[in-house]
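Source file: entry05.cif; contents: mmCIF, C-alpha atoms and all ligand atoms.
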data_structure
loop_
_atom_site.label_atom_id
_atom_site.label_comp_id
_atom_site.auth_asym_id
_atom_site.auth_seq_id
_atom_site.Cartn_x
_atom_site.Cartn_y
_atom_site.Cartn_z
CA MET C 18 -39.86 -3.23 -14.15
CA THR C 19 -40.82 -3.40 -10.52
CA THR C 20 -40.65 -0.16 -8.65
CA TYR C 21 -38.45 0.20 -5.65
CA ILE C 22 -41.21 0.22 -3.06
CA ASP C 23 -42.41 -3.31 -3.64
CA VAL C 24 -39.08 -5.01 -4.14
CA ALA C 25 -39.37 -6.61 -0.74
CA ALA C 26 -42.84 -7.95 -1.36
CA ALA C 27 -42.04 -9.14 -4.87
CA LEU C 28 -38.86 -10.81 -3.76
CA SER C 29 -40.47 -12.70 -0.90
CA ALA C 30 -43.33 -13.71 -3.18
CA LYS C 31 -40.88 -15.11 -5.69
CA PHE C 32 -38.35 -16.60 -3.30
CA SER C 33 -40.01 -17.95 -0.21
CA GLN C 34 -36.72 -18.52 1.57
CA ALA C 35 -35.61 -14.91 1.28
CA VAL C 36 -36.22 -13.13 4.57
CA LEU C 37 -36.06 -9.44 5.26
CA ARG C 38 -32.92 -8.53 7.12
CA ALA C 39 -32.64 -5.80 9.73
CA SER C 40 -31.20 -2.74 8.04
CA ARG C 41 -30.83 0.92 8.90
CA ASP C 42 -30.79 2.16 5.34
CA HIS C 43 -31.58 0.08 2.28
CA PRO C 44 -33.82 -2.98 1.99
CA ALA C 45 -31.80 -6.06 2.78
CA PHE C 46 -32.44 -9.76 2.47
CA ASN C 47 -30.99 -12.93 3.84
CA VAL C 48 -31.04 -15.67 1.28
CA PRO C 49 -29.70 -19.24 1.35
CA ALA C 50 -26.37 -19.63 -0.42
CA GLY C 51 -27.87 -21.98 -2.98
CA GLN C 52 -30.43 -19.38 -4.03
CA ALA C 53 -28.14 -16.35 -4.00
CA LEU C 54 -27.41 -16.35 -7.71
CA ALA C 55 -31.08 -16.83 -8.63
CA VAL C 56 -32.04 -13.91 -6.39
CA LEU C 57 -29.28 -11.72 -7.82
CA ARG C 58 -30.31 -12.62 -11.36
CA TRP C 59 -33.94 -11.82 -10.60
CA LEU C 60 -32.97 -8.48 -9.04
CA ARG C 61 -30.89 -7.64 -12.10
CA ASP C 62 -33.30 -8.71 -14.80
CA GLU C 63 -36.72 -8.13 -13.27
CA ALA C 64 -36.28 -5.46 -10.61
CA GLY C 65 -33.88 -3.12 -12.40
CA PHE C 66 -30.92 -3.48 -10.02
CA GLU C 67 -28.50 -3.64 -12.89
CA ILE C 68 -25.29 -2.53 -11.25
CA LEU C 69 -23.28 -4.62 -8.83
CA ARG C 70 -21.72 -2.06 -6.54
CA ASP C 71 -19.89 -4.25 -4.10
CA VAL C 72 -19.21 -7.79 -3.03
CA THR C 73 -17.80 -8.24 0.42
CA ALA C 74 -18.11 -10.51 3.42
CA ILE C 75 -18.56 -10.49 7.17
CA ASP C 76 -16.69 -12.65 9.63
CA TRP C 77 -18.97 -12.97 12.64
CA GLY C 78 -16.22 -14.41 14.80
CA LEU C 79 -15.02 -17.81 15.81
CA GLU C 80 -17.87 -18.37 18.23
CA ARG C 81 -20.65 -18.08 15.71
CA SER C 82 -21.76 -20.59 13.15
CA PRO C 83 -22.37 -19.99 10.29
CA ARG C 84 -19.34 -17.77 10.64
CA PHE C 85 -18.97 -16.20 7.19
CA MET C 86 -21.54 -14.19 5.32
CA VAL C 87 -21.17 -12.82 1.80
CA VAL C 88 -22.86 -9.49 1.08
CA TRP C 89 -23.79 -8.03 -2.32
CA HIS C 90 -24.85 -4.45 -2.89
CA LEU C 91 -26.91 -3.77 -6.01
CA TYR C 92 -27.86 -0.41 -7.45
CA SER C 93 -30.75 0.54 -9.66
CA PRO C 94 -29.80 3.41 -11.96
CA ALA C 95 -33.47 3.98 -12.86
CA ALA C 96 -34.72 4.26 -9.30
CA HIS C 97 -31.44 5.54 -7.76
CA ARG C 98 -31.80 2.96 -5.03
CA TYR C 99 -29.75 0.26 -3.44
CA VAL C 100 -30.60 -3.20 -2.24
CA ARG C 101 -28.47 -5.48 -0.13
CA VAL C 102 -28.38 -9.28 -0.31
CA ALA C 103 -26.60 -11.45 2.22
CA ALA C 104 -25.99 -15.18 2.31
CA ASP C 105 -24.33 -17.39 4.92
CA CYS C 106 -21.56 -19.75 3.86
CA ALA C 107 -22.40 -23.28 4.82
CA SER C 108 -18.94 -24.34 5.98
CA ASP C 109 -16.98 -22.42 8.62
CA ALA C 110 -13.67 -24.12 7.88
CA GLU C 111 -13.84 -23.90 4.08
CA PRO C 112 -16.40 -21.22 3.26
CA GLN C 113 -17.76 -21.30 -0.27
CA MET C 114 -20.15 -19.26 -2.33
CA PRO C 115 -21.22 -19.40 -5.98
CA SER C 116 -19.51 -16.73 -8.07
CA ALA C 117 -21.54 -13.87 -9.54
CA THR C 118 -19.08 -13.34 -12.39
CA GLU C 119 -21.52 -14.87 -14.89
CA LEU C 120 -24.03 -12.15 -13.98
CA TRP C 121 -21.60 -9.24 -13.70
CA PRO C 122 -18.05 -9.42 -15.05
CA GLY C 123 -17.30 -6.70 -12.51
CA ALA C 124 -17.76 -9.21 -9.72
CA ASN C 125 -14.40 -10.70 -10.67
CA TRP C 126 -12.11 -8.43 -8.69
CA HIS C 127 -14.56 -7.97 -5.81
CA GLU C 128 -14.64 -11.71 -5.31
CA ARG C 129 -10.88 -11.95 -5.57
CA GLU C 130 -10.59 -9.33 -2.85
CA THR C 131 -13.12 -11.11 -0.68
CA TYR C 132 -11.21 -14.33 -1.18
CA ASP C 133 -7.94 -12.55 -0.40
CA MET C 134 -9.20 -11.01 2.83
CA PHE C 135 -11.60 -13.70 4.14
CA GLY C 136 -10.63 -16.87 2.34
CA ILE C 137 -14.08 -17.40 0.91
CA VAL C 138 -13.84 -19.50 -2.23
CA PHE C 139 -16.18 -18.40 -5.02
CA SER C 140 -16.97 -21.50 -7.03
CA GLY C 141 -17.15 -20.85 -10.74
CA HIS C 142 -14.82 -17.86 -10.59
CA PRO C 143 -12.60 -17.83 -13.72
CA GLU C 144 -9.35 -16.96 -11.92
CA LEU C 145 -9.65 -16.93 -8.18
CA LYS C 146 -6.31 -15.74 -6.83
CA ARG C 147 -5.19 -13.10 -4.40
CA ILE C 148 -5.46 -9.51 -5.53
CA LEU C 149 -4.05 -7.31 -2.76
CA MET C 150 -1.73 -9.61 -0.88
CA TRP C 151 0.77 -11.65 -2.82
CA GLU C 152 0.48 -15.20 -4.05
CA GLY C 153 1.57 -17.56 -1.33
CA TYR C 154 0.65 -15.28 1.59
CA PRO C 155 -0.46 -17.74 4.26
CA TYR C 156 -3.19 -15.76 6.05
CA PHE C 157 -6.51 -14.08 5.43
CA PRO C 158 -6.08 -10.68 7.06
CA LEU C 159 -9.68 -9.63 7.68
CA ARG C 160 -10.57 -12.76 9.60
CA LYS C 161 -11.25 -12.09 13.24
CA GLU C 162 -8.38 -14.18 14.58
CA PHE C 163 -5.83 -12.21 12.54
CA PRO C 164 -4.21 -9.46 14.63
CA LEU C 165 -4.15 -5.94 13.24
CA ALA C 166 -0.38 -5.80 13.47
CA GLY C 167 -0.03 -8.85 11.28
CA LEU C 168 1.76 -12.17 11.64
CA PRO C 169 5.29 -13.10 10.59
CA ALA C 170 5.63 -14.54 7.10
CA GLU C 171 8.13 -14.77 4.28
CA LEU C 172 8.73 -11.92 1.82
CA PRO C 173 6.97 -12.38 -1.53
CA ASP C 174 10.24 -12.64 -3.44
CA PRO C 175 12.68 -15.33 -2.23
CA GLU C 176 15.65 -13.70 -3.98
CA VAL C 177 15.07 -10.36 -2.31
CA ALA C 178 14.43 -12.16 0.98
CA ALA C 179 17.78 -13.94 0.67
CA GLU C 180 19.55 -10.71 -0.24
CA THR C 181 18.05 -8.54 2.49
CA LYS C 182 17.46 -11.27 5.11
CA GLU C 183 14.16 -9.56 5.76
CA LYS C 184 10.82 -11.06 6.73
CA VAL C 185 7.27 -9.88 7.05
CA GLN C 186 7.08 -8.88 10.71
CA ALA C 187 4.27 -7.83 12.98
CA ALA C 188 4.07 -4.06 12.89
CA PRO C 189 4.89 -2.22 16.14
CA MET C 190 1.64 -0.79 17.40
CA ALA C 191 3.34 1.86 19.54
CA GLY C 192 0.31 2.59 21.66
CA GLY C 193 -2.10 2.55 18.74
CA PRO C 194 -4.34 2.11 16.95
CA PHE C 195 -5.91 5.47 17.57
CA VAL C 196 -9.67 5.32 17.42
CA ALA C 197 -12.35 7.96 17.63
CA THR C 198 -15.56 7.19 19.50
CA PRO C 199 -18.64 8.34 17.65
CA GLY C 200 -21.61 10.00 19.29
CA GLU C 201 -19.69 12.11 21.78
CA THR C 202 -18.78 15.75 21.90
CA MET C 203 -15.93 16.82 19.65
CA SER C 204 -13.45 16.93 22.50
CA GLY C 205 -14.60 13.55 23.81
CA ALA C 206 -14.45 11.96 20.38
CA GLU C 207 -10.79 12.75 19.83
CA PRO C 208 -8.78 9.78 18.63
CA ARG C 209 -7.27 7.92 21.54
CA ALA C 210 -5.03 4.93 21.73
CA ARG C 211 -6.80 1.69 22.38
CA ASP C 212 -4.73 -0.89 24.17
CA GLU C 213 -3.89 -3.57 21.68
CA ALA C 214 -0.57 -4.58 23.12
CA TRP C 215 -1.67 -8.15 22.68
CA SER C 216 -1.02 -7.94 19.01
CA GLU C 217 2.75 -7.58 19.51
CA SER C 218 3.94 -9.99 22.14
CA SER C 219 1.27 -10.98 24.65
CA GLN C 220 -1.80 -13.01 23.91
CA LYS C 221 -5.10 -11.40 23.14
CA PRO C 222 -7.19 -11.36 26.33
CA THR C 223 -10.20 -13.58 25.94
CA MET X 21 47.31 20.12 8.36
CA ALA X 22 46.17 17.30 6.17
CA THR X 23 42.46 17.71 5.73
CA ALA X 24 40.52 16.63 2.70
CA ASN X 25 40.11 19.46 0.25
CA LEU X 26 36.34 19.71 0.18
CA GLU X 27 36.26 22.99 -1.72
CA TYR X 28 36.89 23.15 -5.36
CA ALA X 29 38.61 26.45 -6.05
CA TYR X 30 40.37 27.67 -9.12
CA ASP X 31 41.98 31.01 -9.78
CA SER X 32 43.01 31.37 -13.42
CA LYS X 33 45.33 34.30 -12.67
CA ILE X 34 47.50 32.19 -10.41
CA GLU X 35 47.17 28.73 -11.79
CA GLY X 36 46.76 29.31 -15.53
CA ASP X 37 45.51 26.20 -17.20
CA ILE X 38 46.30 23.97 -14.29
CA VAL X 39 43.83 22.91 -11.65
CA VAL X 40 45.23 21.59 -8.42
CA THR X 41 42.84 19.52 -6.37
CA GLN X 42 42.35 16.05 -5.01
CA LEU X 43 40.73 13.35 -7.06
CA ASP X 44 38.26 12.69 -4.26
CA ALA X 45 37.15 16.30 -4.32
CA ALA X 46 36.89 16.37 -8.09
CA ILE X 47 34.93 13.13 -8.30
CA ASN X 48 32.60 14.13 -5.49
CA TRP X 49 32.10 17.52 -7.06
CA VAL X 50 30.96 15.86 -10.25
CA ARG X 51 28.79 13.36 -8.47
CA CYS X 52 26.97 15.62 -6.09
CA HIS X 53 26.14 18.27 -8.65
CA SER X 54 24.70 15.87 -11.17
CA MET X 55 22.59 13.55 -9.10
CA TRP X 56 19.60 12.38 -11.05
CA PRO X 57 16.76 11.18 -8.87
CA MET X 58 14.86 7.98 -9.44
CA PRO X 59 11.39 8.88 -8.14
CA MET X 60 10.21 5.71 -6.42
CA GLY X 61 6.75 7.16 -5.89
CA THR X 62 4.42 4.73 -4.20
CA ALA X 63 1.86 6.99 -2.51
CA CYS X 64 0.88 10.55 -1.66
CA CYS X 65 4.45 11.75 -0.98
CA ALA X 66 5.08 11.26 -4.68
CA ILE X 67 2.54 14.00 -5.37
CA GLU X 68 4.52 16.30 -3.13
CA PHE X 69 7.67 15.25 -4.91
CA MET X 70 6.14 16.49 -8.16
CA GLY X 71 5.89 19.84 -6.45
CA VAL X 72 9.56 19.65 -5.51
CA ALA X 73 10.57 18.88 -9.06
CA ALA X 74 8.27 21.42 -10.71
CA SER X 75 9.06 25.05 -11.43
CA ARG X 76 8.24 26.65 -8.09
CA PHE X 77 10.73 24.71 -6.00
CA ASP X 78 12.74 23.34 -8.89
CA LEU X 79 14.97 20.52 -7.71
CA ALA X 80 16.96 21.01 -10.92
CA ARG X 81 18.66 24.01 -9.34
CA PHE X 82 20.69 21.57 -7.26
CA GLY X 83 21.85 19.41 -10.11
CA ALA X 84 18.98 16.97 -10.08
CA GLU X 85 18.10 17.98 -13.61
CA VAL X 86 16.07 15.08 -14.74
CA THR X 87 13.93 12.79 -12.66
CA LYS X 88 14.69 9.56 -14.43
CA PHE X 89 12.16 6.80 -14.42
CA SER X 90 14.81 4.38 -15.56
CA PRO X 91 16.97 2.94 -12.79
CA ARG X 92 19.86 2.65 -15.24
CA GLN X 93 20.10 6.41 -15.64
CA SER X 94 19.63 7.58 -12.10
CA ASP X 95 21.84 8.04 -9.07
CA CYS X 96 19.57 8.73 -6.15
CA MET X 97 16.44 6.78 -5.37
CA ILE X 98 13.88 8.95 -3.61
CA VAL X 99 11.42 6.57 -1.98
CA SER X 100 8.36 8.75 -1.65
CA GLY X 101 5.38 6.92 -0.27
CA THR X 102 4.06 3.93 1.58
CA VAL X 103 5.90 0.75 0.69
CA THR X 104 3.84 -2.38 1.07
CA TYR X 105 5.51 -5.75 1.36
CA LYS X 106 4.23 -6.62 -2.08
CA MET X 107 5.89 -3.49 -3.48
CA ALA X 108 8.99 -3.79 -1.31
CA THR X 109 10.51 -6.50 -3.44
CA VAL X 110 9.96 -4.35 -6.53
CA VAL X 111 11.62 -1.39 -4.83
CA ARG X 112 14.58 -3.55 -3.92
CA ARG X 113 14.89 -4.90 -7.46
CA ILE X 114 14.83 -1.41 -8.93
CA TYR X 115 17.51 -0.38 -6.46
CA ASP X 116 19.59 -3.37 -7.55
CA GLN X 117 19.22 -2.28 -11.16
CA MET X 118 20.67 1.16 -10.47
CA ALA X 119 24.31 1.58 -11.39
CA ALA X 120 26.72 2.43 -8.58
CA PRO X 121 27.38 4.90 -7.10
CA LYS X 122 23.83 5.19 -5.82
CA TRP X 123 22.10 6.77 -2.87
CA VAL X 124 18.71 6.51 -1.23
CA ILE X 125 16.51 9.17 0.31
CA ALA X 126 13.54 8.04 2.41
CA MET X 127 11.01 10.80 1.92
CA GLY X 128 8.24 11.08 4.47
CA ALA X 129 7.02 9.15 7.47
CA CYS X 130 5.90 6.10 5.51
CA ALA X 131 9.17 5.47 3.74
CA SER X 132 11.16 6.21 6.89
CA SER X 133 9.23 4.13 9.39
CA GLY X 134 5.97 2.82 7.96
CA GLY X 135 4.29 6.02 9.09
CA MET X 136 0.78 5.69 10.34
CA TYR X 137 0.35 2.34 8.64
CA ARG X 138 0.97 -0.04 11.51
CA SER X 139 -0.41 -2.84 9.46
CA TYR X 140 0.17 -6.36 8.28
CA ALA X 141 0.69 -5.15 4.72
CA VAL X 142 3.18 -2.28 5.10
CA LEU X 143 6.95 -2.47 5.33
CA GLN X 144 7.90 -0.66 8.53
CA GLY X 145 10.57 1.57 7.07
CA VAL X 146 12.35 1.19 3.78
CA ASP X 147 15.70 0.98 5.57
CA ARG X 148 14.89 -2.65 6.24
CA ILE X 149 15.56 -3.47 2.60
CA LEU X 150 17.66 -0.53 1.37
CA PRO X 151 20.68 1.39 2.70
CA VAL X 152 19.07 4.78 3.34
CA ASP X 153 21.32 7.87 3.34
CA VAL X 154 18.90 10.60 4.31
CA TYR X 155 15.54 10.45 6.08
CA ILE X 156 13.09 13.30 5.62
CA SER X 157 10.34 13.68 8.20
CA GLY X 158 6.86 14.86 7.40
CA CYS X 159 3.59 13.57 6.10
CA PRO X 160 4.22 14.65 3.44
CA PRO X 161 7.41 16.70 3.91
CA ARG X 162 7.30 20.26 2.70
CA PRO X 163 9.23 20.76 -0.56
CA GLU X 164 11.72 22.86 1.39
CA ALA X 165 12.37 19.84 3.61
CA VAL X 166 13.03 17.69 0.57
CA LEU X 167 15.43 20.30 -0.81
CA ASP X 168 17.14 20.40 2.57
CA GLY X 169 17.39 16.63 2.60
CA PHE X 170 18.82 16.67 -0.88
CA GLU X 171 21.45 19.21 0.11
CA LYS X 172 22.30 17.09 3.14
CA LEU X 173 22.89 14.18 0.81
CA GLN X 174 25.13 16.35 -1.35
CA ARG X 175 27.16 17.32 1.70
CA LYS X 176 27.39 13.66 2.62
CA VAL X 177 28.60 12.74 -0.85
CA LYS X 178 31.25 15.45 -0.65
CA ARG X 179 32.79 13.66 2.30
CA GLU X 180 32.99 10.27 0.63
CA HIS X 181 36.31 8.63 -0.16
CA SER X 182 35.35 8.10 -3.75
CA LEU X 183 38.77 7.23 -5.13
CA SER X 184 39.56 4.52 -2.64
CA ASN X 185 36.04 3.21 -2.99
CA LEU X 186 36.51 3.04 -6.75
CA LEU X 187 39.80 1.19 -6.45
CA LYS X 188 38.47 -1.21 -3.84
CA PRO X 189 38.10 -4.72 -5.28
CA SER X 190 34.42 -5.51 -5.28
S1 LIG C 301 4.23 10.02 4.73
FE1 LIG C 301 2.13 10.80 4.59
S2 LIG C 301 2.08 11.86 2.62
FE2 LIG C 301 3.85 10.50 2.60
S3 LIG C 301 3.18 8.61 1.68
FE3 LIG C 301 2.94 8.40 3.89
S4 LIG C 301 0.83 9.00 4.30
FE4 LIG C 301 1.35 9.77 2.26
#
What is this structure when it is put down as structure tokens?
Amino acid sequence: MTTYIDVAAALSAKFSQAVLRASRDHPAFNVPAGQALAVLRWLRDEAGFEILRDVTAIDWGLERSPRFMVVWHLYSPAAHRYVRVAADCASDAEPQMPSATELWPGANWHERETYDMFGIVFSGHPELKRILMWEGYPYFPLRKEFPLAGLPAELPDPEVAAETKEKVQAAPMAGGPFVATPGETMSGAEPRARDEAWSESSQKPT
Amino acid sequence: MATANLEYAYDSKIEGDIVVTQLDAAINWVRCHSMWPMPMGTACCAIEFMGVAASRFDLARFGAEVTKFSPRQSDCMIVSGTVTYKMATVVRRIYDQMAAPKWVIAMGACASSGGMYRSYAVLQGVDRILPVDVYISGCPPRPEAVLDGFEKLQRKVKREHSLSNLLKPS
């Protein structure tokens, strides 16, 4: 088993396309999407990072391409260390990534959540459907263009919708959301309302 | 003066074996003193509701003997917690399964108005899908506030025209 210290060196020796990624805590690597599974498998089997702690994604915004990036966090129970692997999705319109469910069954729900929130399709996933929002929900809420207050949609249950004549509506922001600014004095860091009136009626200022 | 007899009073020395009252008052008396809650617990308020029902505050003192987890056997749905849109349809279906007469208490900020969850996923107040009788403020409300809300509901039930409602063709 490789020790924690030389994971970076060993990984770049094995996978020439893996580049070290700027990170403030744990070692992190950018890898091409096609190599992601091979890297993850190597980290699991050869480097002792046996536990998949998290699968998530980043939406870098509409302006950037590649826009979506999938991030895996692995943990080594022997070394008590983490490592982070990130891979860009090739397509911005229909982002895709190979599924890690064959390596870790626990990846199943993480990938469903990532699909639910970002719309990233994990190819090879045994049952890729929404996990938090309901089936048939038309949006991916953690994408950058999705307003915090939400967008109008139909209720999950058509019978209840017909009975109550209710719809999914944008939530009234009422001066919120209230955000704290880090790095200030306690009194300066108090939560304050940030103006997000655009999410209710007016357009988001560009 | 013809006011509804809201008080149920009976003096055996005067009236013997006969009770004189109005049907409305008798029905309401029965209803409001045996109101079994359906704890629709969806978030943290439900934890506080456990406190209300447990020995220290003891909701049973007010006739809510048993918190029934079956909608068929309960009279008052206490929505305690954040209701997401995904859950909202379930809440509505459970309400539909309850036998009339039935009442709804919205316990806490989330059930009353969506609370702090101004979000794409959260129903902004359970009154958008259910007819709410009593709102209880707080995050979560103190057990005393829930007891107060429950008593308010009992007072409300005492004023209902139960007989004419029963005879009304549905
Ligand atoms: S009102 Fe507060 S305590 Fe109650 S469910 Fe909402 S967040 Fe939790």
Open item on the list: At a cut-off of 10 Å, using all atoms listed in the file, what residues contact stretch 34-36 of chain C? Leave out same-chain residues fewer than 6 positions from it and give the result as a ChimeraX atom specification.
Closed with: /C:25,28,45-49,52-53,56,102-104
Output file for the selection above: C-alpha atoms, as an mmCIF file, in the coordinates of the input:
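And here is the file that came out, out-v4.cif:
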data_model
loop_
_atom_site.group_PDB
_atom_site.id
_atom_site.type_symbol
_atom_site.label_atom_id
_atom_site.label_comp_id
_atom_site.auth_asym_id
_atom_site.auth_seq_id
_atom_site.Cartn_x
_atom_site.Cartn_y
_atom_site.Cartn_z
ATOM 1 C CA ALA C 25 -39.370 -6.610 -0.740
ATOM 2 C CA LEU C 28 -38.860 -10.810 -3.760
ATOM 3 C CA ALA C 45 -31.800 -6.060 2.780
ATOM 4 C CA PHE C 46 -32.440 -9.760 2.470
ATOM 5 C CA ASN C 47 -30.990 -12.930 3.840
ATOM 6 C CA VAL C 48 -31.040 -15.670 1.280
ATOM 7 C CA PRO C 49 -29.700 -19.240 1.350
ATOM 8 C CA GLN C 52 -30.430 -19.380 -4.030
ATOM 9 C CA ALA C 53 -28.140 -16.350 -4.000
ATOM 10 C CA VAL C 56 -32.040 -13.910 -6.390
ATOM 11 C CA VAL C 102 -28.380 -9.280 -0.310
ATOM 12 C CA ALA C 103 -26.600 -11.450 2.220
ATOM 13 C CA ALA C 104 -25.990 -15.180 2.310
#
Task: X:Leu150, X:Val103, X:Cys96, X:Cys65 ranked by distance to ligand LIG 301 (chain C), top pick (using only C-alpha atoms and all ligand atoms) - done: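 Closest residue, counting only C-alpha atoms and all ligand atoms: X:Cys65.
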TODO: Please provide as a count of residues only all residues within 10 Å of stretch 107-111 of chain X, with the sequence filter that same-chain residues fewer than 5 positions apart are discarded (counting all atoms listed in the file).
DONE: 24
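Near (11.2, 6.0, 7.2), the residues that fall inside 9 Å on the basis of all atoms listed in the file are Ala126, Met127, Gly128, Ala129, Cys130, Ala131, Ser132, Ser133, Gly134, Gly135, Gln144, Gly145, Val146, Asp147, Val152, Tyr155, Ile156 and Ser157 of chain X.
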Task: Contact set, chain C to chain X: 9 Å, all atoms listed in the file, as JSON, numbers by chain - done: {"C": [149, 150, 151, 158, 164, 165, 166, 167, 168, 169, 172, 173, 174, 176, 177, 178, 180, 181, 182, 183, 185, 186, 187, 188, 189, 190, 191, 193, 194]}
Selection from above, C-alpha atoms, as a CSV table (one decimal), in the coordinates of the input, can you write it?
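Result file follows (out.csv):
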chain,number,residue,atom,x,y,z
C,149,LEU,CA,-4.0,-7.3,-2.8
C,150,MET,CA,-1.7,-9.6,-0.9
C,151,TRP,CA,0.8,-11.6,-2.8
C,158,PRO,CA,-6.1,-10.7,7.1
C,164,PRO,CA,-4.2,-9.5,14.6
C,165,LEU,CA,-4.2,-5.9,13.2
C,166,ALA,CA,-0.4,-5.8,13.5
C,167,GLY,CA,0.0,-8.8,11.3
C,168,LEU,CA,1.8,-12.2,11.6
C,169,PRO,CA,5.3,-13.1,10.6
C,172,LEU,CA,8.7,-11.9,1.8
C,173,PRO,CA,7.0,-12.4,-1.5
C,174,ASP,CA,10.2,-12.6,-3.4
C,176,GLU,CA,15.6,-13.7,-4.0
C,177,VAL,CA,15.1,-10.4,-2.3
C,178,ALA,CA,14.4,-12.2,1.0
C,180,GLU,CA,19.6,-10.7,-0.2
C,181,THR,CA,18.0,-8.5,2.5
C,182,LYS,CA,17.5,-11.3,5.1
C,183,GLU,CA,14.2,-9.6,5.8
C,185,VAL,CA,7.3,-9.9,7.0
C,186,GLN,CA,7.1,-8.9,10.7
C,187,ALA,CA,4.3,-7.8,13.0
C,188,ALA,CA,4.1,-4.1,12.9
C,189,PRO,CA,4.9,-2.2,16.1
C,190,MET,CA,1.6,-0.8,17.4
C,191,ALA,CA,3.3,1.9,19.5
C,193,GLY,CA,-2.1,2.6,18.7
C,194,PRO,CA,-4.3,2.1,17.0
- [ ] Determine the nearest neighbour of X:Glu68 from the options X:Glu164, X:Asp31, X:Glu85, X:Glu171, counting only C-alpha atoms.
- [x] X:Glu164
Open item on the list: Please compute the atom CA of X:Gln174-atom CA of X:Cys52 distance, one decimal, in Å.
Closed with: 5.1 Å
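Going from atom CA of C:Pro94 to atom CA of C:Gly65 covers 7.7 Å.
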Edge lengths and centre in Å to one decimal, as AutoDock Vina command-line options, is what I'm after for the box along x, y and z that holds all listed atoms of stretch 148-159 of chain X once 6 Å is added on each side.
--center_x 12.5 --center_y 5.7 --center_z 4.8 --size_x 29.7 --size_y 30.3 --size_z 18.8
Task: Neighbour list for C:Glu144 as a ChimeraX atom specification, cut-off 10 Å, all atoms listed in the file, skip fewer than 5 positions in-chain - done: /C:125-126,128-129,139
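Reported to one decimal place, the separation of atom CA of X:Asp95 from atom CA of X:Asp44 is 17.7 Å.
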TODO: Go through X:Gly71, X:Pro163, X:Gly101, X:Pro121 one by one, measure the shortest atom-to-atom distance of each to ligand LIG 301 (chain C) using all atoms listed in the file, and give the residue with the smallest value.
DONE: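 Counting all atoms listed in the file, the residue closest to ligand LIG 301 (chain C) is X:Gly101.
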